[in-house]
Protein chains: 2
Amino acid sequence: MQIVIVLFDRFTALDAVGPYQVLTSLPGAEVVFAAEHPGPIADEVGRLTLTAEAALADVSHPDVLLVPGGPGQHDQMHDGPLHEWLRAADQTTSWTTSVCTGSLILAAAGLLTGRRATSYWLALGHLEQYGAIPVAERVVFDEKYVTAAGVSSGIDMALTLAGRIAGDQTAQAIQLGIEYDPQPPYDAGSPDRAPAEIVTRLQSRSRILTGRPT
Amino acid sequence: MQIVIVLFDRFTALDAVGPYQVLTSLPGAEVVFAAEHPGPIADEVGRLTLTAEAALADVSHPDVLLVPGGPGQHDQMHDGPLHEWLRAADQTTSWTTSVCTGSLILAAAGLLTGRRATSYWLALGHLEQYGAIPVAERVVFDEKYVTAAGVSSGIDMALTLAGRIAGDQTAQAIQLGIEYDPQPPYDAGSPDRAPAEIVTRLQSRSRILTGRPT
């Protein structure tokens, strides 16, 4: 089972590495980080560099594909090699997935038209411009299309997906293997429960761009 | 504020990248991935490669140091360049931290003697051999020494630390920024609550090695 995680400049590291840590433990899984051009790819901060081992062109039939988000999503909204690859690869995937603003890229490539999907909380409304149906949930399944909300939600998405692929017992073993028993010190991880002034501050700073006027 | 995350061959990716994603958002933070020799460092699976931008020798006075765990921890238990660097850097850190079996490395370097500390659930008992006091909690503070339990717990540790460094509001904004509102699909992330047969299976497979007979 080949799992391709797409990388692009200024991706968000945890969007990619959270699901990687889960999915790489699936029996028979071969995870490949791939980009348009193989080589080192820097994250949004520029302080973390992951290596894309393969060119997208070299991994054209993944069983699972995953698109992370991050500020670099803006540069991936126009038709081009990534969208072409996504549309072609999607024809034979078992699961087409995203984390955070990665769902905007899937939607812009035309893969979420008429489908229920989620995204980063600050980006959720933008999905509609690309014909998707925004759903304010942490993990959304619509047939083989699986989208996760912001950044850390990729871990929940990947565990849920692991259960669908390999059964509950295997997914539970993976959860125990990464000791995923979350105990956040605050209850501020959702705009519904974070202090209002913090929600407003993040909204005012947000620069989520879709390439179309909103 | 310089934050050095130590890399070594066969580290666990999420141990390093979870805290990175949190700590890199601290105001004034400069996170540096560093290893004995700079360059690409492969994780435990060999499918993920992070770049160590600096040699340990080039970052001798970090404000925060973080040691991840992973199967490669076994090769870092003997005295040598990493232990020497840890002991020297620790003299001027504000916070000396670890995730997962990274605490075994800190302990083997002599930095946790007589201190309360945690580790990966399968490794917790080994801390005692190195003079630390094992505590079965997700995040343990003992003065400036902060240890986290397995893999995903580094996110909780880093958010807690972010609150100590920059205040609750900043830490809450970071939590909302990474939408850390965990909703695991199973309640199997702790050996206390995972199905007993899964706990037993992981225990029987465990090969946590400390370099000393147990």
# chains A, B, ... in the order shown; residues from 1 in each chain; ligands from 1
>>> residues_around(residues="Pro38 (chain A)", least_positions_apart="6", cutoff="8 Å", atoms="only C-alpha atoms", output="list in words")
Thr51, Ala52, Glu53, Ala54 and Ala55 of chain A
>>> write_last_selection(atoms="N, CA and C atoms", output="PDB file, in the first residue's frame")
ATOM      1  N   THR A  51      12.770  16.156   3.221  1.00  0.00           N
ATOM      2  CA  THR A  51      13.193  15.750   1.887  1.00  0.00           C
ATOM      3  C   THR A  51      12.047  15.079   1.142  1.00  0.00           C
ATOM      4  N   ALA A  52      11.755  15.583  -0.043  1.00  0.00           N
ATOM      5  CA  ALA A  52      10.847  14.858  -0.946  1.00  0.00           C
ATOM      6  C   ALA A  52      11.703  13.844  -1.691  1.00  0.00           C
ATOM      7  N   GLU A  53      11.449  12.561  -1.414  1.00  0.00           N
ATOM      8  CA  GLU A  53      12.299  11.508  -1.986  1.00  0.00           C
ATOM      9  C   GLU A  53      11.950  11.241  -3.445  1.00  0.00           C
ATOM     10  N   ALA A  54      10.714  11.557  -3.815  1.00  0.00           N
ATOM     11  CA  ALA A  54      10.260  11.233  -5.171  1.00  0.00           C
ATOM     12  C   ALA A  54       9.681  12.465  -5.843  1.00  0.00           C
ATOM     13  N   ALA A  55       9.730  12.451  -7.174  1.00  0.00           N
ATOM     14  CA  ALA A  55       8.954  13.407  -7.962  1.00  0.00           C
ATOM     15  C   ALA A  55       7.525  12.881  -8.035  1.00  0.00           C
TER      16      ALA A  55
END
>>> select_by_dssp(residues="region 90-162 of chain A", states="helix (DSSP H, G or I)", output="MDAnalysis selection string")
chainID A and resid 90 102:108 124:130 153:162
>>> select_by_dssp(residues="region 11-162 of chain A", states="strand (DSSP E)", output="PDB file with C-alpha atoms, in the first residue's frame")
ATOM      1  CA  GLU A  30       5.120   2.451   2.249  1.00  0.00           C
ATOM      2  CA  VAL A  31       4.936   6.207   2.815  1.00  0.00           C
ATOM      3  CA  VAL A  32       6.614   8.439   0.245  1.00  0.00           C
ATOM      4  CA  PHE A  33       7.084  12.178   0.544  1.00  0.00           C
ATOM      5  CA  ALA A  34       6.826  13.560  -2.986  1.00  0.00           C
ATOM      6  CA  ALA A  35       6.958  16.969  -4.626  1.00  0.00           C
ATOM      7  CA  GLY A  39      14.802  17.321  -2.919  1.00  0.00           C
ATOM      8  CA  PRO A  40      14.666  19.432   0.229  1.00  0.00           C
ATOM      9  CA  ILE A  41      11.432  21.355   0.850  1.00  0.00           C
ATOM     10  CA  ALA A  42      11.259  24.085   3.496  1.00  0.00           C
ATOM     11  CA  THR A  49      13.337  21.028   5.881  1.00  0.00           C
ATOM     12  CA  LEU A  50      11.862  17.694   4.835  1.00  0.00           C
ATOM     13  CA  THR A  51      13.193  15.750   1.887  1.00  0.00           C
ATOM     14  CA  ALA A  52      10.847  14.858  -0.946  1.00  0.00           C
ATOM     15  CA  ALA A  54      10.260  11.233  -5.171  1.00  0.00           C
ATOM     16  CA  ALA A  55       8.954  13.407  -7.962  1.00  0.00           C
ATOM     17  CA  VAL A  64      -3.611   6.904  -0.479  1.00  0.00           C
ATOM     18  CA  LEU A  65      -2.724  10.501  -1.255  1.00  0.00           C
ATOM     19  CA  LEU A  66      -2.490  13.232   1.350  1.00  0.00           C
ATOM     20  CA  VAL A  67      -2.205  16.979   0.768  1.00  0.00           C
ATOM     21  CA  TRP A  95      -8.392   7.349  -0.329  1.00  0.00           C
ATOM     22  CA  THR A  96      -7.814  10.981  -1.307  1.00  0.00           C
ATOM     23  CA  THR A  97      -7.118  13.043   1.801  1.00  0.00           C
ATOM     24  CA  SER A  98      -6.021  16.419   3.096  1.00  0.00           C
ATOM     25  CA  VAL A  99      -5.143  18.255   6.281  1.00  0.00           C
ATOM     26  CA  ARG A 116     -18.753  17.524   2.158  1.00  0.00           C
ATOM     27  CA  ALA A 117     -15.349  18.668   3.372  1.00  0.00           C
ATOM     28  CA  ILE A 133     -19.815  21.807   0.977  1.00  0.00           C
ATOM     29  CA  PRO A 134     -18.068  23.126   4.108  1.00  0.00           C
ATOM     30  CA  VAL A 139     -12.624  14.911  10.293  1.00  0.00           C
ATOM     31  CA  VAL A 140     -15.039  14.582   7.376  1.00  0.00           C
ATOM     32  CA  PHE A 141     -15.497  11.455   5.255  1.00  0.00           C
ATOM     33  CA  ASP A 142     -17.353  11.669   1.936  1.00  0.00           C
ATOM     34  CA  TYR A 145     -12.498  11.793   0.217  1.00  0.00           C
ATOM     35  CA  VAL A 146     -11.292  12.478   3.738  1.00  0.00           C
ATOM     36  CA  THR A 147     -10.519  15.981   4.928  1.00  0.00           C
ATOM     37  CA  ALA A 148      -9.227  17.139   8.291  1.00  0.00           C
TER      38      ALA A 148
END
>>> closest_atom_pairs(of="chain B", to="chain A", cutoff="8 Å", atoms="only C-alpha atoms", output="CSV")
residue,atom,partner,partner_atom,distance
B:Ala13,CA,A:Gln21,CA,7.0
B:Leu14,CA,A:Val17,CA,6.3
B:Val17,CA,A:Leu14,CA,6.3
B:Gly18,CA,A:Leu14,CA,6.3
B:Gln21,CA,A:Leu14,CA,6.3
B:Thr24,CA,A:Val45,CA,7.7
B:Val31,CA,A:Arg47,CA,6.6
B:Val32,CA,A:Arg47,CA,6.6
B:Phe33,CA,A:Leu48,CA,7.4
B:Val45,CA,A:Thr24,CA,7.7
B:Arg47,CA,A:Val31,CA,6.6
B:Leu48,CA,A:Thr51,CA,7.1
B:Thr49,CA,A:Thr51,CA,5.4
B:Leu50,CA,A:Leu50,CA,4.8
B:Thr51,CA,A:Thr49,CA,5.5
B:Tyr120,CA,A:Glu179,CA,7.6
B:Trp121,CA,A:Glu179,CA,7.6
B:Arg138,CA,A:Gln183,CA,7.6
B:Ala149,CA,A:Glu179,CA,7.5
B:Gly150,CA,A:Glu179,CA,5.1
B:Val151,CA,A:Ile178,CA,5.1
B:Ser152,CA,A:Tyr180,CA,5.5
B:Ser153,CA,A:Pro182,CA,6.8
B:Ile155,CA,A:Pro184,CA,8.0
B:Asp156,CA,A:Pro184,CA,5.2
B:Leu159,CA,A:Pro185,CA,6.9
B:Thr160,CA,A:Pro185,CA,5.9
B:Gln169,CA,A:Ile198,CA,7.5
B:Gln172,CA,A:Ala188,CA,5.5
B:Ala173,CA,A:Ile198,CA,5.9
B:Gln175,CA,A:Gly189,CA,5.1
B:Leu176,CA,A:Gly189,CA,4.3
B:Gly177,CA,A:Leu202,CA,7.5
B:Ile178,CA,A:Val151,CA,5.1
B:Glu179,CA,A:Gly189,CA,4.7
B:Tyr180,CA,A:Gly189,CA,4.4
B:Asp181,CA,A:Gly189,CA,4.4
B:Pro182,CA,A:Pro182,CA,6.6
B:Gln183,CA,A:Asp156,CA,6.2
B:Pro184,CA,A:Asp156,CA,5.2
B:Pro185,CA,A:Thr160,CA,5.9
B:Tyr186,CA,A:Gln172,CA,6.6
B:Asp187,CA,A:Asp181,CA,7.5
B:Ala188,CA,A:Gln172,CA,5.5
B:Gly189,CA,A:Leu176,CA,4.3
B:Ser190,CA,A:Glu179,CA,5.9
B:Pro191,CA,A:Leu176,CA,7.0
B:Ala194,CA,A:Leu176,CA,7.1
B:Ile198,CA,A:Ala173,CA,5.9
B:Val199,CA,A:Leu176,CA,7.8
B:Leu202,CA,A:Gly177,CA,7.5
>>> residues_around(residues="Phe11 (chain A)", least_positions_apart="3", cutoff="8 Å", atoms="only C-alpha atoms", output="VMD selection string")
chain A and resid 7 to 8 15 42 to 44 68 to 73
>>> atom_distance(atom1="CA of Gly28 (chain A)", atom2="CA of Arg87 (chain A)")
25.0 Å
>>> residues_around(residues="Gly131 (chain B)", least_positions_apart="2", cutoff="7 Å", atoms="only C-alpha atoms", output="ChimeraX atom specification")
/B:112-114,127-129,133
>>> atom_distance(atom1="CA of Trp85 (chain A)", atom2="CA of Leu104 (chain A)")
15.5 Å
>>> atom_distance(atom1="CA of Thr92 (chain A)", atom2="CA of Asp63 (chain A)")
7.2 Å
